[in-house]
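Raw contents of data-v2.cif, mmCIF, C-alpha atoms:
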```cif
data_protein
#
loop_
_atom_site.label_atom_id
_atom_site.label_comp_id
_atom_site.auth_asym_id
_atom_site.auth_seq_id
_atom_site.Cartn_x
_atom_site.Cartn_y
_atom_site.Cartn_z
CA MET U 1 0.00 0.00 0.00
CA GLU U 2 2.71 2.46 0.88
CA GLY U 3 5.44 0.53 -0.82
CA GLU U 4 7.85 -1.78 0.87
CA LEU U 5 9.64 -0.49 3.93
CA SER U 6 13.35 -0.99 4.28
CA ALA U 7 14.53 -2.72 7.43
CA LEU U 8 15.93 0.55 8.67
CA GLN U 9 12.67 2.37 8.10
CA GLU U 10 10.72 -0.36 9.81
CA ASP U 11 13.08 -0.23 12.78
CA ALA U 12 12.66 3.52 13.00
CA LEU U 13 8.86 3.30 12.96
CA ARG U 14 8.91 0.55 15.56
CA GLU U 15 11.12 2.69 17.73
CA LEU U 16 8.80 5.67 17.36
CA GLY U 17 5.93 3.46 18.48
CA ASN U 18 7.95 2.10 21.35
CA ILE U 19 8.96 5.51 22.67
CA GLY U 20 5.50 6.99 22.16
CA ALA U 21 3.80 4.10 23.89
CA GLY U 22 6.49 4.14 26.58
CA ASN U 23 5.63 7.72 27.36
CA ALA U 24 1.92 6.91 27.35
CA THR U 25 2.23 3.97 29.70
CA THR U 26 4.50 5.93 32.01
CA ALA U 27 1.67 8.42 32.31
CA LEU U 28 -0.77 5.58 32.99
CA SER U 29 1.51 3.94 35.53
CA GLN U 30 1.70 7.20 37.46
CA LEU U 31 -2.06 7.01 37.78
CA LEU U 32 -1.61 3.61 39.37
CA GLY U 33 0.92 4.71 41.95
CA ASP U 34 3.97 3.96 39.83
CA GLN U 35 3.09 0.39 39.01
CA ARG U 36 5.46 -0.82 36.37
CA ILE U 37 4.02 -1.34 32.91
CA ARG U 38 6.19 -2.97 30.33
CA MET U 39 6.15 -2.85 26.55
CA VAL U 40 5.58 -6.07 24.69
CA SER U 41 6.35 -6.59 21.04
CA PRO U 42 6.30 -3.22 19.34
CA ALA U 43 5.63 -3.85 15.67
CA VAL U 44 4.93 -2.21 12.35
CA ARG U 45 2.40 -4.13 10.33
CA VAL U 46 0.30 -3.84 7.26
CA VAL U 47 -2.87 -5.46 8.52
CA ALA U 48 -5.54 -6.68 6.13
CA LEU U 49 -9.02 -5.53 6.96
CA SER U 50 -10.24 -9.10 7.24
CA GLU U 51 -7.58 -10.15 9.74
CA LEU U 52 -7.86 -7.06 11.88
CA THR U 53 -10.73 -8.35 13.96
CA ASP U 54 -8.79 -11.44 15.05
CA ARG U 55 -5.49 -9.72 15.53
CA TYR U 56 -5.92 -8.06 18.88
CA GLY U 57 -7.93 -10.71 20.71
CA PRO U 58 -11.17 -12.67 20.42
CA PRO U 59 -13.52 -10.63 18.18
CA GLU U 60 -16.31 -10.64 20.75
CA SER U 61 -14.18 -9.77 23.77
CA LEU U 62 -15.18 -6.54 25.44
CA VAL U 63 -12.79 -3.63 25.11
CA THR U 64 -12.62 0.09 25.61
CA GLY U 65 -11.28 2.01 22.65
CA ILE U 66 -10.25 5.63 22.91
CA CYS U 67 -9.21 7.35 19.73
CA VAL U 68 -7.98 10.76 18.67
CA GLY U 69 -7.45 12.13 15.22
CA ILE U 70 -4.10 13.82 14.57
CA ARG U 71 -3.82 16.92 12.43
CA GLN U 72 -1.26 19.41 11.18
CA GLY U 73 2.23 17.91 11.07
CA LEU U 74 0.86 14.43 10.48
CA ALA U 75 -2.58 13.15 9.61
CA GLY U 76 -3.71 9.94 11.23
CA HIS U 77 -5.25 8.38 14.27
CA LEU U 78 -3.99 7.17 17.60
CA VAL U 79 -5.95 4.48 19.39
CA LEU U 80 -5.72 3.22 22.95
CA LEU U 81 -7.31 -0.23 23.28
CA LEU U 82 -7.82 -1.50 26.81
CA ASP U 83 -9.33 -4.77 27.87
CA THR U 84 -12.36 -4.17 30.04
CA PRO U 85 -10.89 -5.04 33.46
CA SER U 86 -7.94 -2.74 32.75
CA ALA U 87 -10.22 0.08 31.74
CA GLN U 88 -12.21 -0.35 34.93
CA GLN U 89 -9.15 -0.40 37.14
CA LEU U 90 -7.66 2.63 35.48
CA ALA U 91 -10.90 4.57 35.66
CA GLU U 92 -11.28 3.82 39.34
CA ALA U 93 -7.67 4.71 40.01
CA LEU U 94 -8.18 8.05 38.34
CA LEU U 95 -11.41 8.70 40.20
CA GLU U 96 -9.69 7.85 43.45
CA MET U 97 -6.88 10.25 42.69
CA THR U 98 -9.26 13.08 42.02
CA GLY U 99 -11.07 12.34 45.28
CA VAL U 100 -14.27 11.38 43.57
CA ALA U 101 -14.34 7.76 44.55
CA ALA U 102 -14.29 8.55 48.26
CA LYS U 103 -17.52 10.46 47.89
CA HIS U 104 -19.07 7.39 46.38
CA GLY U 105 -17.90 4.99 49.03
CA GLY U 106 -14.85 3.96 47.07
CA ARG U 107 -16.82 3.05 43.99
CA ALA U 108 -17.83 4.89 40.92
CA ALA U 109 -21.46 5.94 40.74
CA PRO U 110 -23.89 3.36 39.39
CA ALA U 111 -25.08 3.67 35.83
CA GLY U 112 -27.30 6.63 35.22
CA ALA U 113 -26.65 8.17 38.62
CA LEU U 114 -25.69 11.53 37.22
CA SER U 115 -28.75 11.78 35.07
CA SER U 116 -31.24 10.94 37.80
CA PRO U 117 -32.40 13.98 39.73
CA GLU U 118 -31.86 12.62 43.24
CA ALA U 119 -28.24 11.86 42.47
CA ALA U 120 -27.50 15.32 41.16
CA PRO U 121 -26.06 16.62 44.47
CA GLY U 122 -23.49 13.86 44.35
CA ALA U 123 -22.12 15.10 41.06
CA ALA U 124 -18.41 15.01 41.25
CA PRO U 125 -16.46 18.16 42.00
CA GLY U 126 -13.84 18.69 39.36
CA LEU U 127 -15.60 16.41 36.93
CA ASP U 128 -18.87 18.25 36.79
CA SER U 129 -18.65 19.30 33.20
CA PRO U 130 -19.56 16.60 30.73
CA PRO U 131 -16.68 15.39 28.63
CA TRP U 132 -18.59 15.99 25.41
CA PRO U 133 -21.55 18.12 24.40
CA ALA U 134 -24.76 16.20 24.71
CA PRO U 135 -25.30 14.33 21.45
CA ASP U 136 -28.68 14.46 19.77
CA ALA U 137 -29.75 11.14 21.13
CA PRO U 138 -27.81 10.16 24.25
CA PRO U 139 -26.95 6.47 24.14
CA PRO U 140 -29.38 4.76 26.48
CA GLU U 141 -27.71 1.44 27.07
CA ARG U 142 -24.25 2.45 28.23
CA GLY U 143 -22.98 0.10 30.90
CA PRO U 144 -20.57 2.13 33.01
CA SER U 145 -21.53 5.34 34.70
CA ASP U 146 -21.09 8.73 33.15
CA LEU U 147 -18.46 9.36 35.76
CA ARG U 148 -16.44 6.37 34.79
CA LEU U 149 -16.73 7.29 31.14
CA SER U 150 -15.41 10.77 31.92
CA ALA U 151 -12.53 9.20 33.75
CA LEU U 152 -11.80 6.87 30.85
CA LEU U 153 -11.87 9.70 28.37
CA GLU U 154 -9.57 11.67 30.60
CA LEU U 155 -7.06 8.88 30.99
CA GLY U 156 -7.26 8.22 27.27
CA ASN U 157 -6.44 11.85 26.77
CA ILE U 158 -3.51 11.62 29.16
CA ALA U 159 -2.07 8.53 27.48
CA VAL U 160 -2.58 9.72 23.96
CA SER U 161 -1.16 13.18 24.66
CA ALA U 162 1.90 11.60 26.23
CA TYR U 163 2.39 9.48 23.11
CA LEU U 164 1.97 12.47 20.81
CA ASN U 165 4.35 14.60 22.87
CA ALA U 166 7.05 11.98 22.49
CA LEU U 167 6.34 11.62 18.78
CA ALA U 168 6.45 15.39 18.30
CA ALA U 169 9.73 15.66 20.18
CA LEU U 170 11.30 12.89 18.09
CA THR U 171 10.08 14.12 14.73
CA GLY U 172 9.87 17.86 15.18
CA LEU U 173 6.36 17.69 13.75
CA VAL U 174 3.53 19.73 15.20
CA LEU U 175 0.86 17.23 16.18
CA VAL U 176 -2.57 18.47 17.14
CA PRO U 177 -5.00 15.92 18.59
CA SER U 178 -8.75 16.07 18.13
CA VAL U 179 -11.26 15.68 20.93
CA PRO U 180 -11.12 12.00 21.95
CA TRP U 181 -13.81 9.48 20.96
CA LEU U 182 -14.66 6.52 23.10
CA ALA U 183 -16.39 3.22 22.51
CA GLN U 184 -16.95 0.25 24.80
CA ASP U 185 -18.07 -2.82 22.99
CA MET U 186 -16.91 -5.99 21.26
CA LEU U 187 -13.37 -5.71 19.94
CA ALA U 188 -14.43 -6.38 16.35
CA ALA U 189 -17.25 -3.86 16.52
CA VAL U 190 -14.98 -1.16 17.95
CA LEU U 191 -12.29 -1.74 15.32
CA ASN U 192 -14.56 -1.94 12.30
CA SER U 193 -16.43 1.17 13.40
CA LEU U 194 -13.17 2.96 13.92
CA LEU U 195 -11.89 2.11 10.46
CA ALA U 196 -15.20 3.10 8.91
CA GLU U 197 -15.08 6.45 10.72
CA ILE U 198 -11.57 6.96 9.43
CA GLY U 199 -13.01 6.24 5.99
CA LEU U 200 -10.39 3.66 5.16
CA SER U 201 -10.24 3.28 1.41
CA ASP U 202 -7.79 0.38 1.22
CA ASP U 203 -8.14 -3.27 2.07
CA ALA U 204 -5.23 -3.00 4.46
CA VAL U 205 -4.00 -0.51 6.96
CA LEU U 206 -0.55 0.27 8.27
CA VAL U 207 -0.44 0.07 12.03
CA ILE U 208 2.43 0.94 14.36
CA GLU U 209 1.36 -1.11 17.34
CA THR U 210 2.67 -1.52 20.84
CA GLU U 211 1.28 -3.90 23.38
CA PHE U 212 1.73 -3.25 27.07
CA ALA U 213 1.12 -5.15 30.26
CA GLY U 214 1.37 -4.38 33.95
CA GLU U 215 4.04 -6.32 35.78
CA ARG U 216 2.08 -7.00 38.93
CA PHE U 217 -1.06 -5.05 38.27
CA ALA U 218 -3.21 -6.74 35.63
CA ILE U 219 -3.30 -3.95 33.13
CA GLY U 220 -3.26 -4.90 29.48
CA GLY U 221 -3.81 -3.06 26.27
CA ARG U 222 -2.41 -1.71 23.06
CA ILE U 223 -1.65 1.58 21.47
CA LEU U 224 -2.04 1.80 17.72
CA LEU U 225 -0.75 4.63 15.58
CA ILE U 226 -2.49 4.59 12.21
CA PRO U 227 -1.00 7.15 9.83
CA ALA U 228 -3.42 8.31 7.16
CA ARG U 229 -2.76 7.13 3.65
CA GLY U 230 0.27 8.83 2.18
CA GLN U 231 1.49 10.08 5.56
CA LEU U 232 4.11 7.46 6.17
CA LYS U 233 6.55 9.29 3.92
CA ARG U 234 6.20 12.40 6.02
CA LEU U 235 6.83 10.48 9.19
CA LEU U 236 9.92 8.84 7.74
CA GLU U 237 11.26 12.10 6.37
CA ALA U 238 10.85 13.68 9.78
CA VAL U 239 13.29 11.15 11.22
CA GLY U 240 15.67 11.50 8.31
CA LEU U 241 14.74 8.25 6.59
CA GLY U 242 12.65 9.50 3.71
CA GLY U 243 13.41 8.99 0.07
CA ALA U 244 14.27 5.80 -1.73
CA GLN U 245 14.53 2.66 0.33
CA MET A 246 -26.17 -28.90 17.47
CA GLY A 247 -22.86 -28.35 19.18
CA ASN A 248 -20.87 -29.46 16.19
CA GLU A 249 -22.34 -27.14 13.62
CA ARG A 250 -19.98 -25.88 11.01
CA LEU A 251 -19.30 -22.20 11.62
CA VAL A 252 -18.38 -20.01 8.67
CA LEU A 253 -17.06 -16.59 9.64
CA VAL A 254 -17.97 -13.65 7.46
CA ARG A 255 -15.27 -11.06 8.05
CA ILE A 256 -15.25 -7.39 7.15
CA ALA A 257 -16.10 -6.83 3.48
CA GLU A 258 -16.52 -10.57 2.87
CA ILE A 259 -19.34 -12.60 1.36
CA GLN A 260 -20.00 -16.27 2.17
CA VAL A 261 -22.61 -18.66 0.79
CA ILE A 262 -23.37 -22.12 2.19
CA GLU A 263 -26.03 -24.77 1.57
CA ASP A 264 -28.04 -27.22 3.66
CA ASP A 265 -26.15 -26.98 6.92
CA GLY A 266 -23.73 -24.83 8.85
CA VAL A 267 -24.00 -21.39 10.36
CA LEU A 268 -22.86 -18.10 8.90
CA VAL A 269 -21.55 -15.68 11.52
CA ALA A 270 -20.61 -12.00 11.38
CA LEU A 271 -18.91 -11.29 14.72
CA GLY A 272 -19.01 -7.85 16.26
CA LEU A 273 -20.81 -5.69 13.75
CA GLY A 274 -20.40 -2.08 14.78
CA SER A 275 -21.16 0.48 12.12
CA CYS A 276 -20.87 -2.36 9.60
CA VAL A 277 -24.11 -3.96 8.40
CA GLY A 278 -24.54 -7.72 8.22
CA VAL A 279 -26.89 -8.91 5.49
CA ALA A 280 -28.32 -12.40 6.07
CA MET A 281 -29.99 -13.71 2.91
CA TYR A 282 -31.87 -16.97 2.51
CA ASP A 283 -33.63 -19.14 -0.04
CA PRO A 284 -35.97 -21.37 1.99
CA ALA A 285 -36.81 -23.67 -0.93
CA ARG A 286 -33.21 -24.59 -1.69
CA ARG A 287 -31.77 -23.95 1.78
CA ILE A 288 -29.11 -21.65 0.41
CA ALA A 289 -27.80 -19.14 2.93
CA GLY A 290 -25.64 -16.13 2.22
CA MET A 291 -24.17 -13.33 4.26
CA ALA A 292 -22.40 -10.08 3.44
CA HIS A 293 -20.44 -7.95 5.94
CA VAL A 294 -20.79 -4.44 4.50
CA PHE A 295 -18.08 -2.04 5.61
CA LEU A 296 -18.92 1.36 4.09
CA PRO A 297 -21.96 2.90 2.38
CA GLU A 298 -19.91 3.91 -0.64
CA ALA A 299 -16.37 4.66 -1.70
CA PRO A 300 -14.95 7.62 0.27
CA ALA A 301 -14.82 10.95 -1.51
CA GLY A 302 -11.98 11.03 -3.98
CA VAL A 303 -11.78 7.27 -4.34
CA GLY A 304 -13.29 6.14 -7.58
CA PRO A 305 -16.31 7.33 -9.52
CA ALA A 306 -18.92 6.24 -7.01
CA ALA A 307 -17.77 8.72 -4.41
CA GLY A 308 -20.61 11.13 -3.86
CA ALA A 309 -20.49 14.53 -2.27
CA LYS A 310 -19.73 14.39 1.42
CA GLY A 311 -22.90 14.12 3.46
CA ALA A 312 -25.02 13.25 0.46
CA PRO A 313 -28.09 11.18 1.31
CA GLY A 314 -26.67 7.75 2.00
CA GLY A 315 -26.97 5.22 -0.71
CA ARG A 316 -29.66 6.68 -2.87
CA GLU A 317 -27.39 7.28 -5.79
CA LEU A 318 -26.05 3.78 -5.41
CA ALA A 319 -29.27 1.98 -6.08
CA GLY A 320 -28.84 2.13 -9.84
CA SER A 321 -25.78 -0.07 -9.79
CA SER A 322 -27.35 -2.96 -7.91
CA ASP A 323 -28.71 -4.69 -10.96
CA GLY A 324 -27.15 -8.03 -10.40
CA LYS A 325 -23.86 -7.30 -12.05
CA PRO A 326 -20.84 -8.90 -10.42
CA GLY A 327 -19.54 -7.05 -7.41
CA ARG A 328 -16.88 -5.01 -9.06
CA PRO A 329 -15.22 -2.66 -6.61
CA GLU A 330 -16.68 0.77 -7.05
CA GLY A 331 -13.64 2.69 -6.04
CA GLY A 332 -10.43 1.98 -7.84
CA GLY A 333 -8.52 2.59 -4.64
CA LEU A 334 -5.19 0.92 -4.98
CA ALA A 335 -5.33 -1.63 -7.73
CA GLY A 336 -4.54 -5.06 -6.42
CA VAL A 337 -5.48 -4.40 -2.81
CA HIS A 338 -9.15 -4.80 -3.52
CA SER A 339 -9.10 -8.49 -4.26
CA GLY A 340 -10.62 -9.68 -1.02
CA GLY A 341 -13.52 -7.36 -0.31
CA PRO A 342 -16.65 -7.85 -2.41
CA ALA A 343 -18.84 -6.44 0.37
CA ARG A 344 -16.70 -3.39 1.02
CA TYR A 345 -19.50 -1.10 -0.19
CA ALA A 346 -23.24 -1.46 0.27
CA ALA A 347 -24.59 -1.53 -3.27
CA SER A 348 -21.88 -3.64 -4.84
CA GLY A 349 -21.86 -5.90 -1.79
CA VAL A 350 -25.58 -6.61 -1.97
CA ALA A 351 -25.31 -7.17 -5.71
CA ALA A 352 -22.39 -9.55 -5.26
CA LEU A 353 -24.22 -11.49 -2.55
CA ILE A 354 -27.29 -11.98 -4.75
CA GLU A 355 -25.07 -12.97 -7.65
CA ALA A 356 -23.18 -15.50 -5.52
CA MET A 357 -26.47 -17.05 -4.38
CA GLU A 358 -27.87 -17.14 -7.90
CA SER A 359 -24.76 -18.95 -9.07
CA ARG A 360 -25.68 -21.69 -6.57
CA GLY A 361 -29.06 -22.03 -8.22
CA THR A 362 -31.35 -19.83 -6.18
CA SER A 363 -33.97 -17.65 -7.73
CA ARG A 364 -34.05 -14.03 -6.71
CA SER A 365 -37.81 -14.12 -6.24
CA ARG A 366 -37.43 -16.60 -3.35
CA LEU A 367 -34.85 -14.61 -1.42
CA TRP A 368 -35.44 -12.68 1.75
CA ALA A 369 -33.02 -10.70 3.89
CA LYS A 370 -32.55 -9.86 7.55
CA LEU A 371 -30.17 -7.15 8.70
CA ALA A 372 -28.13 -6.21 11.77
CA GLY A 373 -25.55 -3.56 12.60
CA GLY A 374 -25.33 0.04 11.50
CA ALA A 375 -24.67 1.26 15.03
CA GLN A 376 -22.84 4.36 16.21
CA LEU A 377 -20.44 3.15 18.89
CA PHE A 378 -18.26 6.17 19.38
CA LEU A 379 -19.10 8.88 21.82
CA ARG A 380 -17.32 11.96 20.68
CA GLY A 381 -17.22 15.62 21.41
CA ASP A 382 -16.80 16.74 17.86
CA ALA A 383 -20.08 15.37 16.56
CA PRO A 384 -19.40 13.34 13.44
CA ALA A 385 -20.42 15.02 10.21
CA VAL A 386 -21.79 11.73 9.02
CA ASP A 387 -22.97 8.74 10.96
CA VAL A 388 -21.37 5.89 9.04
CA GLY A 389 -23.58 3.26 10.66
CA ARG A 390 -26.82 4.96 9.70
CA ARG A 391 -25.59 5.60 6.17
CA ASN A 392 -24.53 1.96 5.87
CA ALA A 393 -28.00 0.84 6.94
CA GLU A 394 -29.71 3.20 4.50
CA ALA A 395 -27.47 2.22 1.63
CA VAL A 396 -28.01 -1.51 2.22
CA GLN A 397 -31.77 -1.09 2.47
CA ALA A 398 -31.83 0.97 -0.73
CA ALA A 399 -29.79 -1.66 -2.57
CA LEU A 400 -32.07 -4.48 -1.38
CA ALA A 401 -35.17 -2.51 -2.36
CA ALA A 402 -33.72 -1.87 -5.80
CA ALA A 403 -32.96 -5.58 -6.17
CA GLY A 404 -36.47 -6.53 -5.06
CA VAL A 405 -35.35 -8.57 -2.05
CA PRO A 406 -37.70 -8.05 0.93
CA VAL A 407 -36.25 -7.27 4.35
CA LEU A 408 -38.17 -9.38 6.88
CA ALA A 409 -36.49 -8.11 10.03
CA ALA A 410 -33.71 -5.78 11.09
CA ALA A 411 -31.78 -4.82 14.21
CA LEU A 412 -30.12 -1.61 13.07
CA GLY A 413 -28.78 1.56 14.60
CA GLY A 414 -28.40 2.38 18.28
CA HIS A 415 -25.11 2.35 20.12
CA VAL A 416 -24.29 -1.30 20.54
CA GLY A 417 -22.26 -3.87 18.62
CA ARG A 418 -24.05 -7.00 17.37
CA THR A 419 -23.21 -10.52 16.23
CA LEU A 420 -25.42 -11.91 13.44
CA ARG A 421 -25.95 -15.63 12.78
CA LEU A 422 -27.82 -17.45 9.99
CA TRP A 423 -28.51 -21.22 9.98
CA ALA A 424 -28.56 -22.75 6.52
CA ALA A 425 -30.77 -25.67 7.53
CA ASN A 426 -33.83 -23.62 8.37
CA GLY A 427 -33.11 -19.93 7.87
CA ARG A 428 -33.01 -19.20 11.57
CA VAL A 429 -31.43 -15.81 12.27
CA THR A 430 -30.23 -14.54 15.64
CA VAL A 431 -28.65 -11.36 16.94
CA SER A 432 -26.60 -11.08 20.10
CA VAL A 433 -25.22 -8.05 21.88
CA PRO A 434 -22.72 -7.94 24.75
CA GLY A 435 -24.19 -8.96 28.06
CA GLN A 436 -27.53 -10.11 26.70
CA ALA A 437 -29.00 -13.41 25.60
CA GLU A 438 -29.05 -14.21 21.92
CA GLN A 439 -32.35 -13.18 20.32
CA GLU A 440 -34.25 -14.48 17.32
CA LEU A 441 -34.51 -12.00 14.50
#
```

Would you write out, as structure tokens, the structure that this file holds?
Amino acid sequence: MEGELSALQEDALRELGNIGAGNATTALSQLLGDQRIRMVSPAVRVVALSELTDRYGPPESLVTGICVGIRQGLAGHLVLLLDTPSAQQLAEALLEMTGVAAKHGGRAAPAGALSSPEAAPGAAPGLDSPPWPAPDAPPPERGPSDLRLSALLELGNIAVSAYLNALAALTGLVLVPSVPWLAQDMLAAVLNSLLAEIGLSDDAVLVIETEFAGERFAIGGRILLIPARGQLKRLLEAVGLGGAQ
Amino acid sequence: MGNERLVLVRIAEIQVIEDDGVLVALGLGSCVGVAMYDPARRIAGMAHVFLPEAPAGVGPAAGAKGAPGGRELAGSSDGKPGRPEGGGLAGVHSGGPARYAASGVAALIEAMESRGTSRSRLWAKLAGGAQLFLRGDAPAVDVGRRNAEAVQAALAAAGVPVLAAALGGHVGRTLRLWAANGRVTVSVPGQAEQEL
């Protein structure tokens, strides 16, 4: 799709992914009281559409996907995929840090609590503004609470910004993230919706992927950098590896 | 029943089976799964439609951004083989006959006709077309809804009735079709499988 990569170019892209994801997971580990999170198998892959849904786990496993678009210096998308237990732990850790959890007896509010009138006084200080403007039709069947969703969006933001900061520092490119999107559903559904939103026009997509896992804490997930079509050249040029292979 | 042959229908794929086995599209998000069946011959087909049409700038079928989903596509679903509508990158399009709604529906009907079904006996049931992402910058276009509209328009143009559909909303779905009897089910995370 983008032509063959030389070994050197592939190494460079893998290293970018590794450093970006390293920065992101460092930010996440700080949320967890400095639990160590290690990188597993950073890779650069051209993934066929049809194999994508099997690639990152069982297609029907439940995941949380947080995605931002990247603009300016590089066009593309950055995706944080967390398995559901990890997402829950991270959300609760963040809520605890911001002092919200204590007000809810150490747990996040039950589903719908913020939207029911009697729960309104319990609305969290510091998290009282919704993370996104109310959509036309608010999704009715969301599992986790609004509060936990806010926390997840926030930690997605933290991780993704950390990744982009590292990438910007390494490449000298100005990288501007969009407002994050979030989905919690089956892995296959999240990924195929994501690629449709991106408007993928090829049968394959180039992914710079890094898997991470907590050493003692059971945190697992992946960060995927998906440069838009034609953007790989720009990324390679920025690290001095453009031009002929 | 436990040993049924499962045939996965992945993104942009089409599969047709006869007599026994189960077609499965796992985790449809904004994608639309089209389950199609000929009860007389027990021929079952499924398409996993990825996009309503080729993105703007890719091939001749690309409409204006935000154009009413699928309407302009209906004309091409006349039973011709599922040629890719967008040129995209030549050679990368080999594996995705159901990449786009109209050509995907046409290719599915064609594949079933080549097994000996008659179009007049076919019915369809649909699932998917959801909007999973919550986002602050409201999407200009809801891909799931446009997928659903484009698939329905293509089926209407082809004269295949839609007997049931589980479309839209904010939840991913898995669609199954049994070749033996045309049973169709939909399942969503955390809920029991339901007949469609």

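As for CA of Pro297 (chain A) and CA of Val176 (chain U), they are spaced 28.9 Å apart.
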
Neighbours of chain A in chain U at 6 Å, counting only C-alpha atoms, as a VMD selection string:
chain U and resid 50 60 132 to 133 179 181 to 183 186 188 to 189 193 203

Restricting the output to C-alpha atoms, write the selected residues as a JSON list (two decimals), in the coordinates of the input.
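Dumped to result-v3.json:
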```
[["chain", "number", "residue", "atom", "x", "y", "z"],
["U", 50, "SER", "CA", -10.24, -9.10, 7.24],
["U", 60, "GLU", "CA", -16.31, -10.64, 20.75],
["U", 132, "TRP", "CA", -18.59, 15.99, 25.41],
["U", 133, "PRO", "CA", -21.55, 18.12, 24.40],
["U", 179, "VAL", "CA", -11.26, 15.68, 20.93],
["U", 181, "TRP", "CA", -13.81, 9.48, 20.96],
["U", 182, "LEU", "CA", -14.66, 6.52, 23.10],
["U", 183, "ALA", "CA", -16.39, 3.22, 22.51],
["U", 186, "MET", "CA", -16.91, -5.99, 21.26],
["U", 188, "ALA", "CA", -14.43, -6.38, 16.35],
["U", 189, "ALA", "CA", -17.25, -3.86, 16.52],
["U", 193, "SER", "CA", -16.43, 1.17, 13.40],
["U", 203, "ASP", "CA", -8.14, -3.27, 2.07]]
```

Residues returned when the PyMOL selection byres ((chain A and resi 407) around 7) runs on this file, as a list in words:
Trp368, Ala369, Lys370, Val405, Pro406, Leu408 and Ala409 of chain A

CA of Gly69 (chain U) and CA of Val205 (chain U), how far apart in Å?
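Taking CA of Val205 (chain U) as the start and CA of Gly69 (chain U) as the end point, the length is 15.5 Å.
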
Expand the PyMOL selection byres ((chain U and resi 222-234) around 7) into the individual residues it matches in the shown file, reporting them as a list of chain:residue names.
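Selection result, ordered by chain and number: U:Glu2, U:Ala21, U:Leu74, U:Ala75, U:Gly76, U:His77, U:Leu78, U:Val79, U:Leu80, U:Leu81, U:Leu82, U:Leu206, U:Val207, U:Ile208, U:Glu209, U:Thr210, U:Glu211, U:Phe212, U:Gly221, U:Leu235, U:Leu236, U:Glu237, U:Ala238, U:Gly242.
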
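With CA of Gln184 (chain U) on one side and CA of Leu62 (chain U) on the other, the separation reads 7.0 Å.
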
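Comparing A:Leu400, A:Ala411, A:Ile262, A:Ala351 by their smallest distance to Gly290 (chain A), the closest is A:Ile262 (using all atoms listed in the file).
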
Once the PyMOL selection byres ((chain U and resi 165) around 12) has been applied to the shown file, what residues remain in the selection, as a VMD selection string?
chain U and resid 16 19 to 24 27 70 157 to 164 166 to 177

Would you mind telling me which residue in U:Gly220, U:Pro42, U:Pro180, U:Gly99 lies nearest to Asp11 (chain U) when using all atoms listed in the file?
U:Pro42

Closest of A:Val252, A:Leu367, A:Ala346, A:Val267 to Arg286 (chain A) - atom-to-atom distances counting only C-alpha atoms:
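Closest candidate: A:Leu367.
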
Do you know which residues are at most 8 Å from Ala425 (chain A) counting all atoms listed in the file, after dropping those on the same chain fewer than 5 positions away, and could you put them as a VMD selection string?
chain A and resid 263 to 266 287

Would you pick out the contacts of Arg364 (chain A) at 10 Å or less, using all atoms listed in the file, so that residues sharing its chain but fewer than 2 positions from it are not included, and give the list as a PyMOL selection string?
chain A and resi 282-283+324+354-355+357-358+361-362+366-368+403-405
